[in-house]
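Comments concern the structure below.
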Amino acid sequence: MTDVTIGGVRLPHKALLAPMAGVSDRAYRELCMQMGAGYCVSEMVSSKALSFGSKKSEELMEISESERPCGIQIFGDEPSCMADAARHAMENKPDIIDINMGCPAPKISGNGSGSALMKDPKLCGEITEAVVKAVSVPVTVKIRKGWDDSMINAVEVAKLCEQAGAAAITVHGRTRQQYYKPPVDYDMIRQVKQSVSIPVIANGDIDSAKKAKQVLDFTGCDFVMVGRATLGNPWIFSQINSYLADPTKPLYAPSLEEKLDVMVSHIAKMVEYKGEYLALRQARKLVVGYFKGLRGAAALRNDAGKISTMDDLIRLKNKALNSN
């Protein structure tokens with residue numbers, strides 16, 4: 001358990017679920033919180049789409065009691081529009097509002113949002129201030145190391161966001177230009193932690209309990225945020241919690257049957273929230289994570305790309321069990 005709070009919101013554990021577009025929907029957030037995540041964040045919601053009354057954006061902001069503490073993440077490049085979006089998001093009673101200043105995707109950064117904001121530190125501060133003034137809950141900001149190698153300014157942006165009222169900063173230790181490929185610069189994350197007095201969350205390539213502890217120890221950060229390493233492996237949260245409490249204790253590893261049972265219940269929850277047609281199509285890229293390291297994984301992944309019903313998923317589960 002942790003005593004660190006973000007603007008008064010207590011997060012019970014140090015490992016947090018990163019927001020991931022197309023992945024961290026309500027069903028996934030509920031699963032990861034059940035597995036020991038200390039906090040979760042919605043998929044990113046477009047401030048402009050909200051202003052146009054987008055039904056899809058409204059659905060992205062739905063939060064259930066079983067996933068708290070939970071934040072809603074918004075993105076955009078206009079302070080007033082972001083403030084309106086934050087006020088709108090409050091209808092769903094999030095514990096925190098998170099501002100995305102780190103997404104590297106061209107369709108986001110190409111329109112001046114996400115990581116493109118790193119090119120304009122002053123605007124980062126203005127957006128943060130506008131959102132902080134608009135809502136009664138803590139506001140956090142997710143940033144990157146910088147835009148590219150010629151513009152590494154995470155420390156500057158973090159300080160401006162703190163001055164503007166941000167309650168915490170999450171830092172992904174790569175530039176936008178680097179996407180997700182080169183090694184993460186944990187030294188830069190440590191510099192950010194040393195430059196501000198609010199909690200800092202380290203993000204990027206945290207893929208095991210041991211790595212989580214190493215990153216926390218090296219950076220001095222208050223929390224770690226785990227994203228891609230959770231795919232097919234939501235147990236990583238309970239493993240991190242256990243390892244931080246006692247590194248000598250053997251880590252729990254699920255049996256194949258338990259793993260595949262969780263896969264089925266995960267997708268069944270998606271069906272409950274979205275209907276079978278949409279859920280199963282979105283699930284195709286998610287179920288492959290549960291097959292990682294299995295015998296015949298390539299064939300299972302191929303079959304996963306064709307599932308359309310829960311019956312298809314059950315057949316695939318049985319095929320995986322029978323071949324391993």
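Residue numbering restarts at 1 in every chain; chains get A, B, ... in the order shown in the structure tokens, and ligands count up from 1 in that same order.
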Next on the checklist: Can you pull out the residues contacting Lys14 of chain A? Cut-off 12 Å, using only C-alpha atoms, and skip same-chain residues under 3 positions away; I want them as an MDAnalysis selection string.
Outcome noted: chainID A and resid 1:6 10:11 17 36:40 199:202 209 212:213 215:216 221:226 237:245
Next on the checklist: What's around segment 44-59 of chain A at 10 Å? Count only C-alpha atoms, leave out sequence neighbours fewer than 6 positions away in its own chain, and write the answer as a PyMOL selection string.
Outcome noted: chain A and resi 19-22+24-26+72-86+88-89+92+98-100+103+108+113-114+273-274
Checklist entry - Of the candidates A:Ala166, A:Cys70, A:Leu251, A:Met263, which shows the shortest atom-to-atom distance to Pro234 of chain A, using only C-alpha atoms? => result A:Met263
Item to check | Spatial neighbours of segment 290-294 of chain A, max dist 12 Å, only C-alpha atoms, sep filter under 6 positions, as number ranges by chain | outcome: A: 229-235, 254-264, 266-267, 283-284, 300-304, 316-317, 319-324
Would you save the residues from that selection as a short mmCIF file (atom, residue, chain, number, x, y, z; two decimals), in the first residue's frame, using N, CA and C atoms?
```cif
data_model
loop_
_atom_site.label_atom_id
_atom_site.label_comp_id
_atom_site.auth_asym_id
_atom_site.auth_seq_id
_atom_site.Cartn_x
_atom_site.Cartn_y
_atom_site.Cartn_z
N ALA A 229 2.92 -4.00 -21.48
CA ALA A 229 3.29 -5.24 -20.77
C ALA A 229 2.10 -5.88 -20.06
N THR A 230 0.98 -5.17 -19.98
CA THR A 230 -0.21 -5.75 -19.34
C THR A 230 -1.02 -6.61 -20.31
N LEU A 231 -0.75 -6.49 -21.60
CA LEU A 231 -1.56 -7.19 -22.60
C LEU A 231 -1.40 -8.70 -22.44
N GLY A 232 -2.50 -9.37 -22.15
CA GLY A 232 -2.45 -10.81 -21.91
C GLY A 232 -1.81 -11.15 -20.58
N ASN A 233 -1.46 -10.13 -19.80
CA ASN A 233 -0.76 -10.36 -18.54
C ASN A 233 -1.18 -9.36 -17.47
N PRO A 234 -2.47 -9.30 -17.16
CA PRO A 234 -2.91 -8.36 -16.11
C PRO A 234 -2.37 -8.72 -14.73
N TRP A 235 -1.84 -9.93 -14.58
CA TRP A 235 -1.24 -10.38 -13.31
C TRP A 235 0.00 -9.56 -12.95
N PRO A 254 0.10 -17.48 -13.10
CA PRO A 254 -1.13 -18.23 -13.36
C PRO A 254 -0.88 -19.47 -14.22
N SER A 255 -1.70 -20.49 -14.02
CA SER A 255 -1.64 -21.66 -14.89
C SER A 255 -2.22 -21.26 -16.25
N LEU A 256 -1.97 -22.09 -17.26
CA LEU A 256 -2.51 -21.81 -18.59
C LEU A 256 -4.03 -21.76 -18.55
N GLU A 257 -4.62 -22.67 -17.80
CA GLU A 257 -6.08 -22.71 -17.73
C GLU A 257 -6.65 -21.43 -17.12
N GLU A 258 -5.99 -20.96 -16.03
CA GLU A 258 -6.45 -19.72 -15.40
C GLU A 258 -6.30 -18.54 -16.36
N LYS A 259 -5.17 -18.53 -17.06
CA LYS A 259 -4.89 -17.45 -18.01
C LYS A 259 -6.00 -17.37 -19.07
N LEU A 260 -6.35 -18.53 -19.62
CA LEU A 260 -7.35 -18.54 -20.69
C LEU A 260 -8.77 -18.32 -20.16
N ASP A 261 -9.01 -18.71 -18.92
CA ASP A 261 -10.31 -18.41 -18.30
C ASP A 261 -10.48 -16.89 -18.13
N VAL A 262 -9.39 -16.24 -17.71
CA VAL A 262 -9.43 -14.78 -17.55
C VAL A 262 -9.62 -14.11 -18.92
N MET A 263 -8.96 -14.65 -19.94
CA MET A 263 -9.14 -14.13 -21.30
C MET A 263 -10.62 -14.15 -21.69
N VAL A 264 -11.27 -15.29 -21.44
CA VAL A 264 -12.69 -15.44 -21.81
C VAL A 264 -13.57 -14.48 -21.01
N HIS A 266 -12.67 -11.67 -19.64
CA HIS A 266 -12.33 -10.32 -20.11
C HIS A 266 -13.16 -9.97 -21.35
N ILE A 267 -13.15 -10.87 -22.33
CA ILE A 267 -13.87 -10.59 -23.58
C ILE A 267 -15.38 -10.65 -23.36
N ALA A 283 -11.63 -7.47 -29.88
CA ALA A 283 -10.92 -8.46 -29.07
C ALA A 283 -9.82 -9.19 -29.85
N ARG A 284 -9.91 -9.19 -31.17
CA ARG A 284 -8.95 -9.96 -31.97
C ARG A 284 -7.51 -9.60 -31.63
N LEU A 300 -2.38 -19.85 -33.39
CA LEU A 300 -3.42 -19.31 -32.51
C LEU A 300 -3.67 -17.83 -32.82
N ARG A 301 -2.58 -17.11 -33.06
CA ARG A 301 -2.72 -15.69 -33.42
C ARG A 301 -3.48 -15.53 -34.73
N ASN A 302 -3.18 -16.40 -35.67
CA ASN A 302 -3.86 -16.37 -36.97
C ASN A 302 -5.36 -16.61 -36.79
N ASP A 303 -5.69 -17.60 -35.98
CA ASP A 303 -7.11 -17.90 -35.71
C ASP A 303 -7.79 -16.75 -34.96
N ALA A 304 -7.03 -16.09 -34.09
CA ALA A 304 -7.59 -14.98 -33.30
C ALA A 304 -8.06 -13.85 -34.21
N LEU A 316 -11.26 -21.47 -29.60
CA LEU A 316 -9.85 -21.09 -29.65
C LEU A 316 -9.16 -21.38 -28.31
N LYS A 317 -9.88 -21.11 -27.24
CA LYS A 317 -9.35 -21.41 -25.90
C LYS A 317 -9.06 -22.91 -25.78
N LYS A 319 -8.55 -25.05 -28.17
CA LYS A 319 -7.44 -25.42 -29.07
C LYS A 319 -6.10 -25.13 -28.38
N ALA A 320 -6.01 -23.97 -27.73
CA ALA A 320 -4.78 -23.60 -27.02
C ALA A 320 -4.49 -24.58 -25.88
N LEU A 321 -5.52 -24.96 -25.14
CA LEU A 321 -5.34 -25.92 -24.04
C LEU A 321 -4.90 -27.28 -24.54
N ASN A 322 -5.50 -27.72 -25.62
CA ASN A 322 -5.19 -29.05 -26.15
C ASN A 322 -3.82 -29.14 -26.79
N SER A 323 -3.31 -28.03 -27.25
CA SER A 323 -1.99 -28.07 -27.93
C SER A 323 -0.84 -27.73 -26.99
N ASN A 324 -1.14 -27.48 -25.70
CA ASN A 324 -0.07 -27.14 -24.76
C ASN A 324 -0.13 -28.03 -23.51
#
```
Next on the checklist: I need the alpha helix (DSSP H) residues of segment 67-285 of chain A per DSSP on the backbone, written as a ChimeraX atom specification.
Outcome noted: /A:79-89,106-109,121-134,154-163,186-195,209-219,236-245,256-274,276-285
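Look at Lys159 of chain A: the protein and nucleic acid residues within 8 Å of it, using only C-alpha atoms and passing over chain neighbours fewer than 3 places away, are Val155, Glu156, Glu162, Gln163, Ser195 and Val196 of chain A.
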Next on the checklist: Just the number, please: distance in Å from atom CA of Thr219 of chain A to atom CA of Ile97 of chain A, one decimal.
Outcome noted: 24.3 Å
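In this comparison, which uses only C-alpha atoms, the residue of A:Asp205, A:Val132, A:Glu62, A:Glu276 approaching Lys181 of chain A most closely is A:Asp205.
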Next on the checklist: Please identify the strand (DSSP E or B) residues within segment 128-206 of chain A (assignment by DSSP from backbone atoms) and present them as a list in words.
Outcome noted: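 Checking each residue of segment 128-206 of chain A, the strand (DSSP E or B) ones are Val139, Thr140, Val141, Lys142, Ile143, Arg144, Lys145, Gly146, Ala168, Ile169, Thr170, Val171, His172, Gly173, Arg174, Thr175, Val200, Ile201, Ala202 and Asn203 of chain A.
Across A:Ala253, A:Ile63, A:Ala168, A:Leu117, the tightest approach to Val141 of chain A is made by A:Ala168 when counting only C-alpha atoms.
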May I have the residues within 12 Å of Lys145 of chain A as a PDB file with C-alpha atoms, in the first residue's frame, using only C-alpha atoms and disregarding those fewer than 5 positions away in the same chain?
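Printed below is selection.pdb as written:
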```pdb
ATOM      1  CA  MET A 101       0.582  15.724 -24.002  1.00  0.00           C
ATOM      2  CA  GLY A 102       2.390  12.553 -25.029  1.00  0.00           C
ATOM      3  CA  CYS A 103       0.530  10.652 -27.757  1.00  0.00           C
ATOM      4  CA  PRO A 104       2.894  10.219 -30.754  1.00  0.00           C
ATOM      5  CA  SER A 115       3.018  15.103 -28.065  1.00  0.00           C
ATOM      6  CA  ALA A 116       2.925  18.095 -30.462  1.00  0.00           C
ATOM      7  CA  LEU A 117       2.185  20.229 -27.397  1.00  0.00           C
ATOM      8  CA  MET A 118       5.755  19.548 -26.254  1.00  0.00           C
ATOM      9  CA  LYS A 119       6.817  22.011 -28.994  1.00  0.00           C
ATOM     10  CA  SER A 150      16.760  18.890 -30.653  1.00  0.00           C
ATOM     11  CA  MET A 151      13.851  19.635 -28.315  1.00  0.00           C
ATOM     12  CA  ILE A 152      14.230  17.722 -25.068  1.00  0.00           C
ATOM     13  CA  ASN A 153      12.209  19.794 -22.629  1.00  0.00           C
ATOM     14  CA  ALA A 154      10.363  17.479 -20.228  1.00  0.00           C
ATOM     15  CA  VAL A 155      11.757  19.335 -17.196  1.00  0.00           C
ATOM     16  CA  GLU A 156      10.641  22.731 -18.518  1.00  0.00           C
ATOM     17  CA  VAL A 157       7.157  21.473 -19.421  1.00  0.00           C
ATOM     18  CA  ALA A 158       6.765  19.666 -16.078  1.00  0.00           C
ATOM     19  CA  ILE A 169       3.076  14.439 -13.943  1.00  0.00           C
ATOM     20  CA  THR A 170       3.515  11.193 -15.877  1.00  0.00           C
ATOM     21  CA  VAL A 171       6.681  11.058 -17.988  1.00  0.00           C
ATOM     22  CA  HIS A 172       7.257   8.676 -20.895  1.00  0.00           C
ATOM     23  CA  GLY A 173      11.023   8.610 -21.311  1.00  0.00           C
ATOM     24  CA  ARG A 174      11.160   8.882 -25.106  1.00  0.00           C
ATOM     25  CA  THR A 175      10.705  11.748 -27.552  1.00  0.00           C
ATOM     26  CA  ARG A 176       7.783  11.803 -29.957  1.00  0.00           C
ATOM     27  CA  GLN A 177      10.232  11.072 -32.792  1.00  0.00           C
ATOM     28  CA  GLN A 178      11.294   7.863 -31.029  1.00  0.00           C
ATOM     29  CA  TYR A 179       7.720   6.522 -30.616  1.00  0.00           C
ATOM     30  CA  TYR A 180       8.168   3.294 -28.598  1.00  0.00           C
ATOM     31  CA  VAL A 184      13.692   4.641 -22.314  1.00  0.00           C
ATOM     32  CA  ASP A 185      15.644   7.540 -20.797  1.00  0.00           C
ATOM     33  CA  TYR A 186      15.037   6.930 -17.103  1.00  0.00           C
ATOM     34  CA  ASP A 187      17.638   9.560 -16.262  1.00  0.00           C
ATOM     35  CA  MET A 188      15.381  12.207 -17.838  1.00  0.00           C
ATOM     36  CA  ILE A 189      12.449  10.915 -15.773  1.00  0.00           C
ATOM     37  CA  ARG A 190      14.646  11.219 -12.666  1.00  0.00           C
ATOM     38  CA  GLN A 191      15.487  14.815 -13.632  1.00  0.00           C
ATOM     39  CA  VAL A 192      11.784  15.628 -13.869  1.00  0.00           C
ATOM     40  CA  ALA A 202       7.489   6.871 -14.552  1.00  0.00           C
ATOM     41  CA  ASN A 203       6.301   5.345 -17.829  1.00  0.00           C
ATOM     42  CA  GLY A 204       7.917   3.301 -20.580  1.00  0.00           C
TER      43      GLY A 204
END
```
Checklist entry - atom CA of Gly112 of chain A and atom CA of Ile96 of chain A, how far apart in Å? => result 23.5 Å
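Interatomic distance, atom CA of Gly296 of chain A against atom CA of Asp312 of chain A: 17.4 Å.
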Next on the checklist: I'd like the neighbourhood of Leu280 of chain A as a list in words, where a residue qualifies if any of its atoms comes within 10 Å (using only C-alpha atoms), though same-chain residues fewer than 2 positions away should be ignored.
Outcome noted: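 Skipping anything fewer than 2 positions along the chain leaves Ile267, Ala268, Met270, Val271, Lys274, Gly275, Glu276, Tyr277, Leu278, Gln282, Ala283, Arg284, Lys285, Leu286, Val287, Ala304, Gly305, Lys306, Ile307, Ser308, Thr309, Met310, Asp312 and Leu313 of chain A.
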